[in-house]
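Only one structure is covered here, and it is reproduced in the block below.
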Amino acid sequence: MKVEIVTVRDGAEAVVEFDYARRSEDEKPMVLDVLLQAQATTMPDLAFRYGCRARNCGVCTIDINGRPRIACRARARDGDRISPVATLPAVADLVVRRDGIARQMRGRLQTAQGNDLNVEAPADYHELTSCIECYACLNNCPMHMRNFGGGLPGDMDPADLPDPAEGYRWGNPFSLLKLQMIRIDPLTTAAGREAALDNAIDLGLDECVGCPGCKCGVGIDLKGLVVRALVDDAGDRLPSAAE
Ligand code: SF4
Ligand code: SF4
Ligand code: FES
């Protein structure tokens, strides 16, 4: 089975064809298996990330044919093109900088208070806890693309890219999910709920009005449980809704 692997070195892309040797006739390898074999054979310096190999840690996300997928759970197919996720800046080969998202949330998530663990969280809260931070939902998010002049990191002159170490200015479905978790956490104070909504508005929640919505890599209902809940509660505080 032949695939194409996009490598990135010092900002320059190259496409390397790799021929995966199936270990048995009926083997249906995951893309991560293909990358591991490539690294063990003809591409010893191929850079990529993985951890749990069981769709738990979220760090193995790559693009397959231009769409974000979780490498340890995506079946490889003949002709697949494997590249770094386009929504974040590439560091080397399939490794991207993930820290800009986490740093964006610095100081925005410290609103839960109290220690009464004998409190039931709503069902929605438990669904949101299944987020594995894979960042697949950044795909096609106009709010996240505001960080890159309305496009993707690869479209920009590297000198103009925002510094991930500062945390990105504009949000994304994942950051909204984290803020919505704060809002429905029964331990959060009323002031904490209000601060979380303020943060969502500040991150660019107005982009969600009229947006077709975001897709989660593990099937969380982002549109219903996160975006709609925040947009409804923000009401006429959103710039586009106030116009
Ligand atoms: S609904 Fe909002 S968070 Fe989701 S893709 Fe659109 S702008 Fe991004
Ligand atoms: S919301 Fe879904 S797609 Fe986004 S980071 Fe979490 S698990 Fe991944
Ligand atoms: S290696 Fe952990 S989700 Fe793929």
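Following the order of the structure tokens, chains are lettered A, B, ..., residues in each are numbered from 1, and ligands are numbered from 1.
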Practice problem: Please return as a ChimeraX atom specification: the residues of range 56-128 of chain A that backbone DSSP assigns to strand (DSSP E or B). | Solution: /A:61-64,67-70,75,81-83,90-92,95-96,112
Quiz prompt | Near-range 177-180 of chain A list (6 Å; only C-alpha atoms; drop same-chain fewer than 2 positions) as an MDAnalysis selection string | solution = chainID A and resid 174:175 182:183 196 226
Those residues with N, CA and C atoms, as an mmCIF file, in the first residue's frame please?
```
data_model
loop_
_atom_site.group_PDB
_atom_site.id
_atom_site.type_symbol
_atom_site.label_atom_id
_atom_site.label_comp_id
_atom_site.auth_asym_id
_atom_site.auth_seq_id
_atom_site.Cartn_x
_atom_site.Cartn_y
_atom_site.Cartn_z
ATOM 1 N N PHE A 174 -12.337 24.084 20.802
ATOM 2 C CA PHE A 174 -11.803 23.497 22.033
ATOM 3 C C PHE A 174 -11.833 24.506 23.189
ATOM 4 N N SER A 175 -11.408 25.745 22.909
ATOM 5 C CA SER A 175 -11.397 26.726 24.003
ATOM 6 C C SER A 175 -12.819 27.026 24.452
ATOM 7 N N ILE A 182 -16.685 25.024 32.403
ATOM 8 C CA ILE A 182 -16.662 25.865 33.609
ATOM 9 C C ILE A 182 -18.074 26.357 33.925
ATOM 10 N N ARG A 183 -18.800 26.723 32.860
ATOM 11 C CA ARG A 183 -20.115 27.327 33.072
ATOM 12 C C ARG A 183 -21.125 26.329 33.630
ATOM 13 N N ALA A 196 -16.568 33.193 32.520
ATOM 14 C CA ALA A 196 -16.348 32.244 31.411
ATOM 15 C C ALA A 196 -17.067 32.722 30.158
ATOM 16 N N VAL A 226 -22.072 23.174 23.063
ATOM 17 C CA VAL A 226 -21.110 24.245 23.364
ATOM 18 C C VAL A 226 -21.504 25.545 22.669
#
```
Quiz item: Residues at most 10 Å from Ser130 in chain A, counting only C-alpha atoms, excluding those fewer than 5 positions away in the same chain, as a PyMOL selection string?
Solution: chain A and resi 56+125+218-220
Quiz prompt | Within 6 Å of ligand 1 (only C-alpha atoms and all ligand atoms), residues as a list in words | solution = Cys141, Pro142, Met143, Asn172, Pro173, Glu207, Cys208, Cys211, Gly213, Cys214 and Val227 of chain A
Quiz item: Neighbours of ligand 3 within 6 Å, counting only C-alpha atoms and all ligand atoms, as a list of chain:residue names?
Solution: A:Tyr50, A:Gly51, A:Cys52, A:Arg53, A:Ala54, A:Arg55, A:Asn56, A:Cys57, A:Gly58, A:Val59, A:Cys60, A:Ile70, A:Ala71, A:Cys72
Generate the output file for the selected residues, C-alpha atoms, as an mmCIF file, in the first residue's frame.
```
data_model
loop_
_atom_site.group_PDB
_atom_site.id
_atom_site.type_symbol
_atom_site.label_atom_id
_atom_site.label_comp_id
_atom_site.auth_asym_id
_atom_site.auth_seq_id
_atom_site.Cartn_x
_atom_site.Cartn_y
_atom_site.Cartn_z
ATOM 1 C CA TYR A 50 1.895 9.693 19.485
ATOM 2 C CA GLY A 51 1.211 8.560 23.028
ATOM 3 C CA CYS A 52 -1.569 6.204 24.103
ATOM 4 C CA ARG A 53 -2.242 4.558 20.709
ATOM 5 C CA ALA A 54 -5.854 4.217 21.896
ATOM 6 C CA ARG A 55 -7.583 7.549 21.085
ATOM 7 C CA ASN A 56 -7.072 8.849 24.590
ATOM 8 C CA CYS A 57 -4.255 11.360 24.514
ATOM 9 C CA GLY A 58 -5.076 13.316 21.344
ATOM 10 C CA VAL A 59 -1.500 14.131 20.357
ATOM 11 C CA CYS A 60 -1.292 12.012 17.191
ATOM 12 C CA ILE A 70 -6.541 10.827 14.819
ATOM 13 C CA ALA A 71 -3.640 8.764 13.437
ATOM 14 C CA CYS A 72 -3.988 5.854 15.861
#
```
Exercise. Go through A:Met43, A:Leu225, A:Ala14, A:Ala74 one by one, measure the shortest atom-to-atom distance of each to Pro122 in chain A using only C-alpha atoms, and give the residue with the smallest value.
Key: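 Looking at the shortest contact to Pro122 in chain A, the residue is A:Leu225.
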Given 6 Å and only C-alpha atoms and all ligand atoms, residues near ligand 2 as a CSV table (one decimal) with C-alpha atoms, in the first residue's frame:
```
chain,number,residue,atom,x,y,z
A,131,CYS,CA,-12.5,15.8,24.9
A,132,ILE,CA,-9.0,14.4,24.3
A,133,GLU,CA,-7.5,17.7,23.2
A,134,CYS,CA,-6.7,16.4,19.7
A,135,TYR,CA,-7.5,19.8,18.1
A,136,ALA,CA,-9.2,18.2,15.1
A,137,CYS,CA,-12.0,20.7,15.6
A,174,PHE,CA,-11.8,23.5,22.0
A,216,CYS,CA,-15.3,17.0,16.9
A,217,GLY,CA,-12.8,14.3,16.2
A,218,VAL,CA,-14.4,12.0,18.8
A,220,ILE,CA,-18.8,15.5,20.9
```
Exercise. Tell me which protein, DNA and RNA residues are within 7 Å of range 16-22 of chain A, counting only C-alpha atoms, leaving out same-chain ones fewer than 3 positions away, and put them as a list in words.
Key: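 Those residues are Met1, Lys2, Val3, Glu4, Ile5, Val6, Glu25, Glu27, Val34 and Ala38 of chain A.
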Self-check item: Counting only C-alpha atoms, the option among A:Asp124, A:Asp33, A:Asp155, A:Asp198 closest to Thr87 in chain A
Solution: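 With only C-alpha atoms as the atom set, the closest residue is A:Asp155.
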Quiz item: With distances taken over only C-alpha atoms, which of A:Leu32, A:Val91, A:Val8, A:Asp185 is nearest to Glu120 in chain A?
Solution: A:Asp185
Quiz item: Taking only C-alpha atoms into account, which of A:Pro29, A:His144, A:Thr41, A:Gly154 comes nearest Glu13 in chain A?
Solution: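 Using only C-alpha atoms, Glu13 in chain A sits closest to A:Gly154.
In this model, the gap between CA of Ala40 in chain A and CA of Arg23 in chain A comes to 14.0 Å.
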Quiz item: How far is it from CA of Met156 in chain A to CA of Gly11 in chain A, in Å with one decimal?
Solution: 11.4 Å
Practice problem: Skip Met145 in chain A itself and residues of its chain fewer than 5 positions away, then list as number ranges by chain all residues within 9 Å of it, counting only C-alpha atoms. | Solution: A: 87, 138, 140, 150-153, 170, 172
How would the residues just picked look written out with C-alpha atoms as a PDB file, in the first residue's frame?
```
ATOM      1  CA  THR A  87      -4.485  24.635  11.385  1.00  0.00           C
ATOM      2  CA  LEU A 138      -9.810  23.645  14.574  1.00  0.00           C
ATOM      3  CA  ASN A 140     -12.324  25.264   9.037  1.00  0.00           C
ATOM      4  CA  GLY A 150      -8.281  34.670   8.065  1.00  0.00           C
ATOM      5  CA  GLY A 151      -6.318  31.722   6.636  1.00  0.00           C
ATOM      6  CA  LEU A 152      -3.916  29.004   7.785  1.00  0.00           C
ATOM      7  CA  PRO A 153      -0.429  29.240   9.310  1.00  0.00           C
ATOM      8  CA  TRP A 170      -8.687  34.245  18.960  1.00  0.00           C
ATOM      9  CA  ASN A 172     -11.584  27.824  18.663  1.00  0.00           C
TER      10      ASN A 172
END
```
Practice problem: Measure the distance from CA of Val209 in chain A to CA of Thr189 in chain A in Å and round it to one decimal. | Solution: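 CA of Thr189 in chain A lies 27.1 Å from CA of Val209 in chain A.
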Quiz prompt | alpha helix (DSSP H) positions in range 35-236 of chain A, given as a VMD selection string | solution = chain A and resid 35 to 40 99 to 104 123 to 128 142 to 145 173 to 184 190 to 202 222 228 to 234
Quiz prompt | Distance criterion (only C-alpha atoms): nearest to Arg108 in chain A out of A:Arg193, A:Val15, A:Arg228, A:Ala76 | solution = A:Arg193
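Shortest separation to Ala92 in chain A among A:Ala12, A:Leu205, A:Ala159, A:Met30 occurs at residue A:Ala12, atoms counted being only C-alpha atoms.
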